[in-house]
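Undergrad: A single structure is presented below for examination.
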Protein chains: 2
Amino acid sequence: MLKPVLIAGQWRAAHADGGFHADDPTTGQPLPDEYPISRWDDCDAALSAAAAIRDLPTDRIARFLNTYAARIEARQTEIVDIAHQETALPKTPRLATIEMGRTTNQLRLAAVAALDGSWSLPTIDAKLNIRSRHAAIGPVVIFGPNNFPLAFNAISGGDFAAAIAAGNPVIAKAHPSHPGTTRLLAEEAVGALAEAQLPPATVQLIYHMSRQDGLRLVSDPRVGASAFTGSRGAGLALKAAADAAGKPIYLEMSSLNPVVVLPGALRERAEKIADEFADSCLAASGQFCTKPGLLVLIAGDESEKFVAAIQQRFASRPSGPLLSSAVSQSFASSLKKLQSAGAKTLAGGEEIPGPSWRYANTLLRVDGEHFLSQPEALQTEAFGNATLAVVARDANQASEILAKLDGQLTGCIYSDTQAADDQLYVLLSPILRQRVGRLLNDKMPTGVAVTPAMNHGGPYPATGHPGFTAVGIPASMRRFSKLECFDNVRPHRLPPSLRDRQEK
Amino acid sequence: MLKPVLIAGQWRAAHADGGFHADDPTTGQPLPDEYPISRWDDCDAALSAAAAIRDLPTDRIARFLNTYAARIEARQTEIVDIAHQETALPKTPRLATIEMGRTTNQLRLAAVAALDGSWSLPTIDAKLNIRSRHAAIGPVVIFGPNNFPLAFNAISGGDFAAAIAAGNPVIAKAHPSHPGTTRLLAEEAVGALAEAQLPPATVQLIYHMSRQDGLRLVSDPRVGASAFTGSRGAGLALKAAADAAGKPIYLEMSSLNPVVVLPGALRERAEKIADEFADSCLAASGQFCTKPGLLVLIAGDESEKFVAAIQQRFASRPSGPLLSSAVSQSFASSLKKLQSAGAKTLAGGEEIPGPSWRYANTLLRVDGEHFLSQPEALQTEAFGNATLAVVARDANQASEILAKLDGQLTGCIYSDTQAADDQLYVLLSPILRQRVGRLLNDKMPTGVAVTPAMNHGGPYPATGHPGFTAVGIPASMRRFSKLECFDNVRPHRLPPSLRDRQEK
């Protein structure tokens with residue numbers, strides 16, 4: 001019996017082309033519930049229901065977001081249980097504390113931003129009587145990723161909170177690796193919509209669809225915009241379809257998140273940095289968008305010792321299961337690509353026998369000259385517990401390596417505190433800064449703080465456009481807006497936020 | 001002898017595949033100067049020179065913009081003369097007063113915005129030490145349109161001012177219908193760059209290139225972003241190329257700018273509205289992006305009288321020359337398409353014999369039912385002195401017509417002042433508002449005021465993205481920016497605008 005989809009406020013049987021099960025990553029076995037792979041009919045119905053929605057009142061939006069956050073908290077145990085079952089991510093602190101807190105915090109921050117309204121940059125020229133603001137763009141389709149079942153879930157995560165807070169109905173496409181988690185969240189969304197008296201079709205849920213229907217969905221005339229977090233391959237296919245139809249799509253795709261550790265920093269605090277690096281790389285089995293997948297060092301004794309220190313940590317730490325069979329296959333294939341391109345395996349590299357999808361923590365190494373000879377293959381992202389150390393001959397080669405990097409979400413430089421590395425910093429940081437959305441000093445990139453100052457974005461192909469962030473309200477909301485202008489429009493016909501003060 | 005191109009600060013011979021002449025629109029004859037069609041070599045050299053530029057200081061940018069404005073004014077007579085020769089647009093008030101004033105005003109507003117810096121939305125989380133702002137995206141390629149030789153010129157117009165003020169070098173691609181105007185402007189830009197001590201390659205100029213090289217240019221890895229104002233065909237080809245390379249491109253393409261005149265407004269002030277409509281349609285021979293190309297009326301005596309009033313004005317007013325042979329051919333072909341789709345010709349429709357490219361002012365008409373039977377063909381843009389009146393059977397049919405419209409830059413509703421039209425307004429305006437970037441009341445859309453509240457943008461295919469405007473500083477500047485974030489970066493390494501107050 002296939003689970004129902006949520007369309008136009010009803011949990012109803014999907015028009016399905018078969019079904020699928022999520023797997024238990026600890027056993028590799030399918031979980032009992034079966035979810036539908038929707039046919040286009042379901043997408044079409046969701047689009048029509050969403051397109052009929054206009055002008056959601058901000059007070060109700062805020063009430064929805066707050067109520068939804070409270071309802072998720074009230075059902076926290078059940079939600080964390082199923083998220084753990086579907087992802088094998090630890091319940092505490094990861095799911096119950098960190099990710100749950102992040103999720104409800106984001107929803108509440110979005111409520112505040114919706115009420116406040118300054119996200120929309122209202123601009124009034126009273127003399128010419130021309131007024132503009134950012135306003136809802138229309139139905140937003142969100143494709144959630146596999147690696148954050150709550151905080152980036154298509155029905156509860158950052159994209160969701162931003163799209164709703166900007167006044168848009170959302171069609172959530174669940175990630176097939178945690179449909180049960182998504183279903184429980186959707187149940188609470190339905191309850192919160194009713195409490196907030198928002199139209200039932202404000203939030204809809206489809207679990208899965210064919211690739212072709214996904215492409216059709218993001219390019220449908222009824223769509224306002226789409227958001228996608230996931231692999232580069234899937235993201236670029238959606239981008240091509242949306243672009244051809246002139247529909248905005250915001251993508252968060254692959255990133256190596258290079259970490260450069262300069263010699264002075266190593267002389268000063270190599271062990272501490274090695275701990276930080278291993279922690280950042282191996283947390284959640286390396287399944288973070290911002291996992292450092294590339295370590296850039298400059299040849300020398302301290303760098304050799306540092307590589308050895310990382311190697312030792314990778315070898316001695318346990319490794320957790322990967323999220324799914326698909327992640328495992330992709331990880332294996334990426335490792336193979338990197339190895340074929342000449343990366344040497346210093347630690348790990350092999351699958352760990354047993355029922356779950358597990359790999360030994362993997363440290364690869366290549367020298368700078370070799371990296372420069374195959375910069376594309378050696379930038380293959382291995383989504384999982386692996387990283388590639390590149391040891392540059394000297395500072396100039398390090399700068400050439402950074403200049404060859406694709407667009408990244410983050411880039412980091414560790415330098416010493418006594419200015420010994422300053423010349424290197426001045427050489428390397430401008431090159432790195434051009435290639436990343438977030439430049440860090442002396443801090444690992446994982447842990448994307450929810451703050452208005454965050455940029456979880458970056459140059460292509462890390463994302464589809466370097467001007468937008470997926471995390472950080474209110475900036476993330478403006479992705480899901482159009483600019484609307486009122487020229488000589490009579491005062492009572494203006495949206496309240498654009499009226500002269502005395503008329504508001 | 002081909003005129004030289006401006007690359008890396010030098011006026012030097014182009015690597016050319018032949019040359020071209022601009023035509024004198026009043027005679028249809030080529031003007032004497034010959035300009036080069038650059039080969040890829042020139043584009044490549046310009047890209048390399050531009051890509052080497054980093055971190056233009058805002059005080060010098062502002063000085064450049066102000067100096068440039070003053071230098072353009074000092075050479076105003078010569079510039080207006082050649083612009084008039086190349087476009088046949090009237091010297092006064094159009095070129096010398098309106099367009100010249102708009103151009104230098106824009107440059108000066110951009111200077112103020114560059115210095116002020118608030119366009120970059122600096123956002124500081126001092127507690128977490130995370131900071132972000134919008135910053136220069138990198139070399140911007142600008143393709144200027146044919147219809148505003150000064151105010152939208154690739155080397156002096158709104159896109160140029162916005163891109164430079166945001167800190168980017170610009171590669172200007174002149175419009176081939178006014179290369180001489182563009183050359184004089186470029187000469188003043190060179191002088192102003194030297195006065196402001198900016199790198200010479202901050203502003204470069206190429207006159208023409210093959211279509212293929214244009215596509216290559218917007219998708220080159222060294223480009224930050226591109227901007228294009230012109231026809232839908234050329235714009236969509238550039239968009240496809242830029243999209244495939246993950247490069248932002250901002251397009252301002254076709255728009256019909258529908259004007260809805262409700263029955264009460266006609267009963268109240270039909271003659272006045274007819275004057276406004278004819279003025280707006282026929283100014284500059286209808287060659288404005290915001291020319292009202294579609295008039296929507298509801299059947300009735302007052303609408304019949306209004307159509308007759310427009311017809312009378314169109315027939316009695318002189319018509320000026322179109323900008324070029326290409327515009328003339330495209331206009332003729334659009335009229336033919338509209339007529340083939342069933343539009344009846346109430347005035348004009350034919351070319352006026354003589355040396356210049358001139359057409360009689362053309363008023364076409366179709367009833368609502370017929371429009372709905374061929375909504376695509378009947379939305380063909382005729383760039384020139386023509387408009388299509390659509391007479392809907394009733395209010396519901398008018399709403400169906402509006403619902404079929406493509407994305408537009410503007411849309412306007414005229415209603416009476418005694419609330420007789422209010423019910424119709426409430427029915428029609430939400431539909432129109434969804435389809436336009438700027439909604440007007442009781443005012444024609446031509447005359448795009450330079451104000452921060454302006455939106456010269458709109459839903460696809462009027463532009464490529466509904467969230468951006470081409471006119472209106474500072475919003476127009478953010479198109480040419482990336483979001484950059486500094487996480488835990490040491491205070492002295494931060495850009496000044498992101499430092500804590502006491503450290504600035």
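Residues are named by chain letter and number: chains run A, B, ... in the order of the structure tokens, numbers start at 1 in each chain, and ligands are numbered from 1 in the order shown.
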For Phe160 (chain A), list every protein, DNA or RNA residue within 12 Å, evaluated using only C-alpha atoms, and leave out those in the same chain fewer than 5 positions away; present the list as an MDAnalysis selection string.
TA: chainID A and resid 65 68 103:104 106:107 110:111 139:144 150:155 165:174 185:186 189 202:205 226:229 470:471 473 476:477 479:480
Undergrad: Would you mind listing, for every residue of region 264-338 of chain B within 12 Å of region 423-440 of chain B, the two atoms forming the shortest contact and the distance between them in Å to one decimal, using only C-alpha atoms, sorted by chain and ascending residue number, as a tab-separated table?
TA:
```
residue	atom	partner	partner_atom	distance
B:Gly264	CA	B:Leu424	CA	9.8
B:Ala265	CA	B:Tyr425	CA	11.3
B:Thr290	CA	B:Arg438	CA	10.3
B:Pro292	CA	B:Leu440	CA	11.9
B:Val296	CA	B:Leu428	CA	11.1
B:Leu297	CA	B:Leu424	CA	11.7
B:Ile298	CA	B:Leu424	CA	10.3
```
Undergrad: Do me a favour and pick out the residues of chain B within 8 Å of chain A, using only C-alpha atoms, as a PyMOL selection string.
TA: chain B and resi 123-125+130-132+134+240+243-244+246-248+436-443+451-455+457-461+464-469+479+481-490
Undergrad: For region 73-88 of chain A, please output as a compact mmCIF listing (two decimals) with N, CA and C atoms, in the first residue's frame all residues within 9 Å (counting only C-alpha atoms; exclusion window: fewer than 6 positions along the same chain).
TA:
```
# COMPACT_ATOMS: atom_id res chain seq x y z
N ALA A 22 12.64 3.57 1.43
CA ALA A 22 13.92 4.06 1.94
C ALA A 22 14.65 2.86 2.55
N ASP A 23 15.96 2.97 2.61
CA ASP A 23 16.74 1.89 3.21
C ASP A 23 17.21 2.29 4.60
N ASP A 24 17.43 1.30 5.43
CA ASP A 24 18.09 1.52 6.72
C ASP A 24 19.59 1.46 6.47
N PRO A 25 20.29 2.58 6.61
CA PRO A 25 21.71 2.59 6.26
C PRO A 25 22.56 1.66 7.13
N THR A 26 22.06 1.29 8.29
CA THR A 26 22.87 0.41 9.15
C THR A 26 22.77 -1.04 8.71
N LEU A 31 13.31 -0.29 4.46
CA LEU A 31 12.37 -0.09 5.56
C LEU A 31 10.97 -0.47 5.06
N LEU A 95 20.91 14.88 15.50
CA LEU A 95 19.53 15.12 15.05
C LEU A 95 18.70 15.87 16.09
N ALA A 96 18.73 15.38 17.32
CA ALA A 96 17.82 15.93 18.34
C ALA A 96 18.20 17.34 18.77
N MET A 100 17.67 19.64 14.86
CA MET A 100 16.32 20.04 15.25
C MET A 100 16.29 21.51 15.66
N GLY A 101 17.28 21.91 16.43
CA GLY A 101 17.33 23.31 16.88
C GLY A 101 17.51 24.27 15.72
N THR A 104 13.99 24.51 13.72
CA THR A 104 12.92 25.34 14.31
C THR A 104 13.38 26.79 14.45
N ASN A 146 19.87 14.75 0.57
CA ASN A 146 19.86 13.55 1.40
C ASN A 146 20.45 13.77 2.79
N ASN A 147 21.29 14.81 2.95
CA ASN A 147 22.19 14.79 4.11
C ASN A 147 21.70 15.54 5.34
N PHE A 148 20.64 16.30 5.21
CA PHE A 148 20.04 16.97 6.37
C PHE A 148 18.54 16.71 6.37
N PRO A 149 18.09 15.66 7.04
CA PRO A 149 16.68 15.29 6.91
C PRO A 149 15.73 16.31 7.53
N LEU A 150 16.25 17.22 8.34
CA LEU A 150 15.40 18.24 8.97
C LEU A 150 15.75 19.64 8.47
N SER A 177 15.63 9.28 0.25
CA SER A 177 16.29 8.52 1.32
C SER A 177 15.66 8.78 2.70
N HIS A 178 14.78 9.77 2.81
CA HIS A 178 14.08 9.93 4.11
C HIS A 178 12.62 10.38 3.95
N PRO A 179 11.84 9.56 3.23
CA PRO A 179 10.44 9.94 3.00
C PRO A 179 9.60 9.91 4.27
N GLY A 180 9.96 9.03 5.19
CA GLY A 180 9.15 8.92 6.41
C GLY A 180 9.30 10.17 7.27
N THR A 181 10.53 10.66 7.39
CA THR A 181 10.77 11.91 8.12
C THR A 181 9.96 13.03 7.48
N THR A 182 10.03 13.09 6.17
CA THR A 182 9.35 14.16 5.44
C THR A 182 7.84 14.07 5.62
N LEU A 184 6.19 12.89 8.28
CA LEU A 184 5.81 13.38 9.61
C LEU A 184 5.86 14.91 9.64
N LEU A 185 6.89 15.47 9.04
CA LEU A 185 6.97 16.94 8.99
C LEU A 185 5.77 17.51 8.24
N GLU A 188 2.68 17.81 10.25
CA GLU A 188 2.67 18.98 11.14
C GLU A 188 2.47 20.28 10.35
N GLY A 320 31.39 5.96 10.15
CA GLY A 320 29.96 5.66 10.21
C GLY A 320 29.43 5.28 8.85
N PRO A 321 28.20 4.83 8.82
CA PRO A 321 27.61 4.44 7.54
C PRO A 321 27.31 5.64 6.65
N LEU A 322 27.39 5.43 5.34
CA LEU A 322 26.93 6.45 4.40
C LEU A 322 25.40 6.38 4.30
N LEU A 323 24.82 7.44 3.74
CA LEU A 323 23.37 7.60 3.81
C LEU A 323 22.59 6.60 2.99
N SER A 324 23.16 6.14 1.91
CA SER A 324 22.38 5.28 1.02
C SER A 324 23.29 4.53 0.07
```
Undergrad: Write down as a ChimeraX atom specification the residues belonging to region 33-158 of chain B that are assigned helix (DSSP H, G or I) by DSSP computed on the backbone.
TA: /B:40-51,58-74,76-87,91-116,118-120,158
Undergrad: Counting only C-alpha atoms, which residue out of A:Arg365, A:Arg94, A:Lys3, A:Arg102 sits closest to Gln339 (chain A)?
TA: A:Arg365
Undergrad: Taking the backbone alone, and naming residues the way the document does, which bits of region 363-487 of chain A are strand (DSSP E or B) by DSSP, as a ChimeraX atom specification?
TA: /A:363-367,386-392,408-414,436-441,463,481-487
Undergrad: Kindly save the residues from that selection, with N, CA and C atoms included, as a compact mmCIF listing (two decimals), in the first residue's frame.
TA:
```
# COMPACT_ATOMS: atom_id res chain seq x y z
N LEU A 363 42.26 9.07 3.15
CA LEU A 363 43.13 10.22 2.88
C LEU A 363 43.93 9.94 1.62
N LEU A 364 43.76 10.81 0.64
CA LEU A 364 44.50 10.68 -0.62
C LEU A 364 45.53 11.79 -0.69
N ARG A 365 46.52 11.58 -1.54
CA ARG A 365 47.57 12.59 -1.65
C ARG A 365 48.09 12.69 -3.08
N VAL A 366 48.44 13.91 -3.43
CA VAL A 366 48.99 14.14 -4.76
C VAL A 366 49.94 15.34 -4.63
N ASP A 367 50.97 15.39 -5.45
CA ASP A 367 51.79 16.60 -5.35
C ASP A 367 51.25 17.69 -6.29
N ALA A 386 36.26 11.27 2.93
CA ALA A 386 37.53 11.26 2.21
C ALA A 386 37.99 12.69 1.95
N THR A 387 39.27 12.85 1.83
CA THR A 387 39.82 14.16 1.44
C THR A 387 41.12 13.94 0.68
N LEU A 388 41.44 14.92 -0.15
CA LEU A 388 42.66 14.85 -0.95
C LEU A 388 43.62 15.92 -0.49
N ALA A 389 44.83 15.50 -0.08
CA ALA A 389 45.87 16.47 0.28
C ALA A 389 46.72 16.75 -0.96
N VAL A 390 46.90 18.04 -1.24
CA VAL A 390 47.76 18.45 -2.36
C VAL A 390 48.95 19.19 -1.77
N VAL A 391 50.14 18.67 -2.03
CA VAL A 391 51.34 19.32 -1.48
C VAL A 391 52.03 20.08 -2.61
N ALA A 392 51.96 21.40 -2.51
CA ALA A 392 52.55 22.26 -3.54
C ALA A 392 54.05 22.39 -3.30
N GLN A 408 33.57 27.41 -5.40
CA GLN A 408 33.39 26.64 -4.17
C GLN A 408 32.45 27.39 -3.21
N LEU A 409 31.81 26.63 -2.33
CA LEU A 409 31.04 27.27 -1.27
C LEU A 409 31.97 28.00 -0.30
N THR A 410 33.05 27.32 0.08
CA THR A 410 33.95 27.89 1.08
C THR A 410 35.40 27.68 0.69
N GLY A 411 36.26 28.47 1.32
CA GLY A 411 37.70 28.28 1.21
C GLY A 411 38.30 28.83 2.49
N CYS A 412 39.34 28.18 2.98
CA CYS A 412 39.87 28.56 4.28
C CYS A 412 41.38 28.65 4.25
N ILE A 413 41.92 29.58 4.98
CA ILE A 413 43.38 29.65 5.17
C ILE A 413 43.69 29.70 6.65
N TYR A 414 44.51 28.76 7.08
CA TYR A 414 45.08 28.80 8.43
C TYR A 414 46.45 29.47 8.34
N VAL A 436 35.41 31.46 -3.99
CA VAL A 436 34.58 30.92 -2.92
C VAL A 436 33.48 31.90 -2.53
N GLY A 437 32.43 31.35 -1.92
CA GLY A 437 31.37 32.20 -1.40
C GLY A 437 31.67 32.69 0.01
N ARG A 438 32.42 31.88 0.76
CA ARG A 438 32.74 32.23 2.14
C ARG A 438 34.21 31.95 2.38
N LEU A 439 34.93 32.98 2.75
CA LEU A 439 36.37 32.85 3.05
C LEU A 439 36.54 32.76 4.56
N LEU A 440 37.23 31.72 5.01
CA LEU A 440 37.45 31.55 6.45
C LEU A 440 38.91 31.72 6.81
N ASN A 441 39.14 32.13 8.02
CA ASN A 441 40.47 32.13 8.63
C ASN A 441 40.44 31.19 9.83
N THR A 463 27.23 26.76 -6.96
CA THR A 463 25.81 27.10 -7.07
C THR A 463 25.57 27.55 -8.51
N SER A 481 11.75 35.92 -4.87
CA SER A 481 10.95 37.13 -5.06
C SER A 481 11.14 37.68 -6.46
N LYS A 482 10.17 38.45 -6.88
CA LYS A 482 10.34 39.29 -8.06
C LYS A 482 10.30 40.73 -7.56
N LEU A 483 10.88 41.61 -8.37
CA LEU A 483 10.83 43.02 -8.04
C LEU A 483 9.54 43.56 -8.64
N GLU A 484 8.72 44.22 -7.81
CA GLU A 484 7.49 44.78 -8.39
C GLU A 484 7.42 46.26 -8.09
N CYS A 485 6.97 46.99 -9.09
CA CYS A 485 7.01 48.45 -9.04
C CYS A 485 5.62 49.01 -9.32
N PHE A 486 5.29 50.06 -8.61
CA PHE A 486 3.99 50.72 -8.77
C PHE A 486 4.25 52.16 -9.15
N ASP A 487 3.77 52.54 -10.33
CA ASP A 487 4.09 53.86 -10.87
C ASP A 487 2.78 54.64 -10.98
```
Undergrad: Tell me, as a ChimeraX atom specification, which residues lie within 10 Å of region 209-213 of chain B, counting only C-alpha atoms; anything in the same chain fewer than 5 positions away does not count.
TA: /B:16-19,36-44,173-174,176,218-219,234,237-238,241
Undergrad: Please save N, CA and C atoms of the selected residues as a PDB file, in the first residue's frame.
TA:
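For reference, result.pdb as written:
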```pdb
ATOM      1  N   ALA B  16      40.564  42.275 -37.370  1.00  0.00           N
ATOM      2  CA  ALA B  16      39.208  42.376 -37.918  1.00  0.00           C
ATOM      3  C   ALA B  16      38.929  41.375 -39.022  1.00  0.00           C
ATOM      4  N   ASP B  17      37.679  40.934 -39.051  1.00  0.00           N
ATOM      5  CA  ASP B  17      37.143  40.209 -40.195  1.00  0.00           C
ATOM      6  C   ASP B  17      36.229  41.180 -40.926  1.00  0.00           C
ATOM      7  N   GLY B  18      36.821  42.107 -41.647  1.00  0.00           N
ATOM      8  CA  GLY B  18      36.021  43.083 -42.376  1.00  0.00           C
ATOM      9  C   GLY B  18      35.524  44.217 -41.509  1.00  0.00           C
ATOM     10  N   GLY B  19      34.742  45.084 -42.137  1.00  0.00           N
ATOM     11  CA  GLY B  19      34.255  46.258 -41.422  1.00  0.00           C
ATOM     12  C   GLY B  19      32.807  46.538 -41.752  1.00  0.00           C
ATOM     13  N   PRO B  36      35.526  48.260 -37.404  1.00  0.00           N
ATOM     14  CA  PRO B  36      35.912  46.853 -37.579  1.00  0.00           C
ATOM     15  C   PRO B  36      34.906  45.861 -36.978  1.00  0.00           C
ATOM     16  N   ILE B  37      34.819  44.714 -37.610  1.00  0.00           N
ATOM     17  CA  ILE B  37      34.169  43.547 -36.995  1.00  0.00           C
ATOM     18  C   ILE B  37      35.306  42.715 -36.417  1.00  0.00           C
ATOM     19  N   SER B  38      35.413  42.748 -35.115  1.00  0.00           N
ATOM     20  CA  SER B  38      36.570  42.121 -34.462  1.00  0.00           C
ATOM     21  C   SER B  38      36.517  40.608 -34.553  1.00  0.00           C
ATOM     22  N   ARG B  39      37.680  40.015 -34.669  1.00  0.00           N
ATOM     23  CA  ARG B  39      37.798  38.559 -34.516  1.00  0.00           C
ATOM     24  C   ARG B  39      37.904  38.227 -33.031  1.00  0.00           C
ATOM     25  N   TRP B  40      37.922  36.928 -32.718  1.00  0.00           N
ATOM     26  CA  TRP B  40      37.974  36.501 -31.322  1.00  0.00           C
ATOM     27  C   TRP B  40      39.202  37.070 -30.598  1.00  0.00           C
ATOM     28  N   ASP B  41      40.306  37.213 -31.325  1.00  0.00           N
ATOM     29  CA  ASP B  41      41.544  37.767 -30.737  1.00  0.00           C
ATOM     30  C   ASP B  41      41.282  39.028 -29.923  1.00  0.00           C
ATOM     31  N   ASP B  42      40.482  39.920 -30.480  1.00  0.00           N
ATOM     32  CA  ASP B  42      40.214  41.181 -29.775  1.00  0.00           C
ATOM     33  C   ASP B  42      39.430  40.919 -28.484  1.00  0.00           C
ATOM     34  N   CYS B  43      38.444  40.057 -28.581  1.00  0.00           N
ATOM     35  CA  CYS B  43      37.652  39.720 -27.376  1.00  0.00           C
ATOM     36  C   CYS B  43      38.567  39.096 -26.333  1.00  0.00           C
ATOM     37  N   ASP B  44      39.401  38.191 -26.789  1.00  0.00           N
ATOM     38  CA  ASP B  44      40.303  37.486 -25.890  1.00  0.00           C
ATOM     39  C   ASP B  44      41.245  38.464 -25.184  1.00  0.00           C
ATOM     40  N   LYS B 173      30.317  46.441 -25.843  1.00  0.00           N
ATOM     41  CA  LYS B 173      30.086  46.062 -27.240  1.00  0.00           C
ATOM     42  C   LYS B 173      29.129  47.116 -27.788  1.00  0.00           C
ATOM     43  N   ALA B 174      29.647  47.966 -28.673  1.00  0.00           N
ATOM     44  CA  ALA B 174      28.845  49.053 -29.239  1.00  0.00           C
ATOM     45  C   ALA B 174      27.686  48.494 -30.048  1.00  0.00           C
ATOM     46  N   PRO B 176      26.004  48.485 -33.514  1.00  0.00           N
ATOM     47  CA  PRO B 176      26.523  48.876 -34.839  1.00  0.00           C
ATOM     48  C   PRO B 176      25.741  49.990 -35.523  1.00  0.00           C
ATOM     49  N   VAL B 218      30.158  35.875 -23.722  1.00  0.00           N
ATOM     50  CA  VAL B 218      29.357  35.859 -22.481  1.00  0.00           C
ATOM     51  C   VAL B 218      29.556  34.582 -21.680  1.00  0.00           C
ATOM     52  N   SER B 219      30.140  33.558 -22.311  1.00  0.00           N
ATOM     53  CA  SER B 219      30.332  32.306 -21.580  1.00  0.00           C
ATOM     54  C   SER B 219      31.795  32.060 -21.232  1.00  0.00           C
ATOM     55  N   ALA B 234      18.177  37.765 -30.282  1.00  0.00           N
ATOM     56  CA  ALA B 234      19.592  37.874 -29.916  1.00  0.00           C
ATOM     57  C   ALA B 234      19.774  37.635 -28.417  1.00  0.00           C
ATOM     58  N   ALA B 237      19.594  33.905 -27.467  1.00  0.00           N
ATOM     59  CA  ALA B 237      20.789  33.159 -27.891  1.00  0.00           C
ATOM     60  C   ALA B 237      21.929  33.412 -26.905  1.00  0.00           C
ATOM     61  N   LEU B 238      22.118  34.653 -26.505  1.00  0.00           N
ATOM     62  CA  LEU B 238      23.166  34.957 -25.521  1.00  0.00           C
ATOM     63  C   LEU B 238      22.854  34.290 -24.177  1.00  0.00           C
ATOM     64  N   ALA B 241      23.782  30.631 -24.131  1.00  0.00           N
ATOM     65  CA  ALA B 241      25.233  30.427 -24.037  1.00  0.00           C
ATOM     66  C   ALA B 241      25.728  30.720 -22.623  1.00  0.00           C
TER      67      ALA B 241
END
```
Undergrad: Determine, counting only C-alpha atoms, which protein, DNA and RNA residues have an atom within 6 Å of an atom of Ser285 (chain B); residues of the same chain fewer than 3 positions away are not included. Present the result as a PDB file with N, CA and C atoms, in the first residue's frame.
TA:
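Result file follows (out21.pdb):
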```pdb
ATOM      1  N   LEU B 282       4.017  57.047 -30.406  1.00  0.00           N
ATOM      2  CA  LEU B 282       4.666  57.543 -31.624  1.00  0.00           C
ATOM      3  C   LEU B 282       5.972  58.281 -31.351  1.00  0.00           C
ATOM      4  N   GLY B 320       8.422  59.583 -38.107  1.00  0.00           N
ATOM      5  CA  GLY B 320       9.857  59.791 -38.285  1.00  0.00           C
ATOM      6  C   GLY B 320      10.516  58.531 -38.808  1.00  0.00           C
ATOM      7  N   GLY B 384       8.542  49.842 -33.336  1.00  0.00           N
ATOM      8  CA  GLY B 384       8.345  50.967 -34.250  1.00  0.00           C
ATOM      9  C   GLY B 384       6.987  51.587 -33.977  1.00  0.00           C
ATOM     10  N   ASN B 385       6.530  52.424 -34.901  1.00  0.00           N
ATOM     11  CA  ASN B 385       5.315  53.202 -34.654  1.00  0.00           C
ATOM     12  C   ASN B 385       4.043  52.440 -35.008  1.00  0.00           C
TER      13      ASN B 385
END
```
Undergrad: Could you check how far CA of Met1 (chain A) sits from CA of Arg71 (chain A), in Å to one decimal?
TA: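 One can read the CA of Met1 (chain A) to CA of Arg71 (chain A) distance as 27.3 Å.
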Undergrad: Quick one: distance from CA of Pro4 (chain A) to CA of Phe64 (chain A) in Å, one decimal?
TA: 22.9 Å
Undergrad: Using only C-alpha atoms, can you tell me which of B:Ala462, B:Ala382, B:Ala395, B:Leu372 comes closest to Val327 (chain B)?
TA: B:Ala382
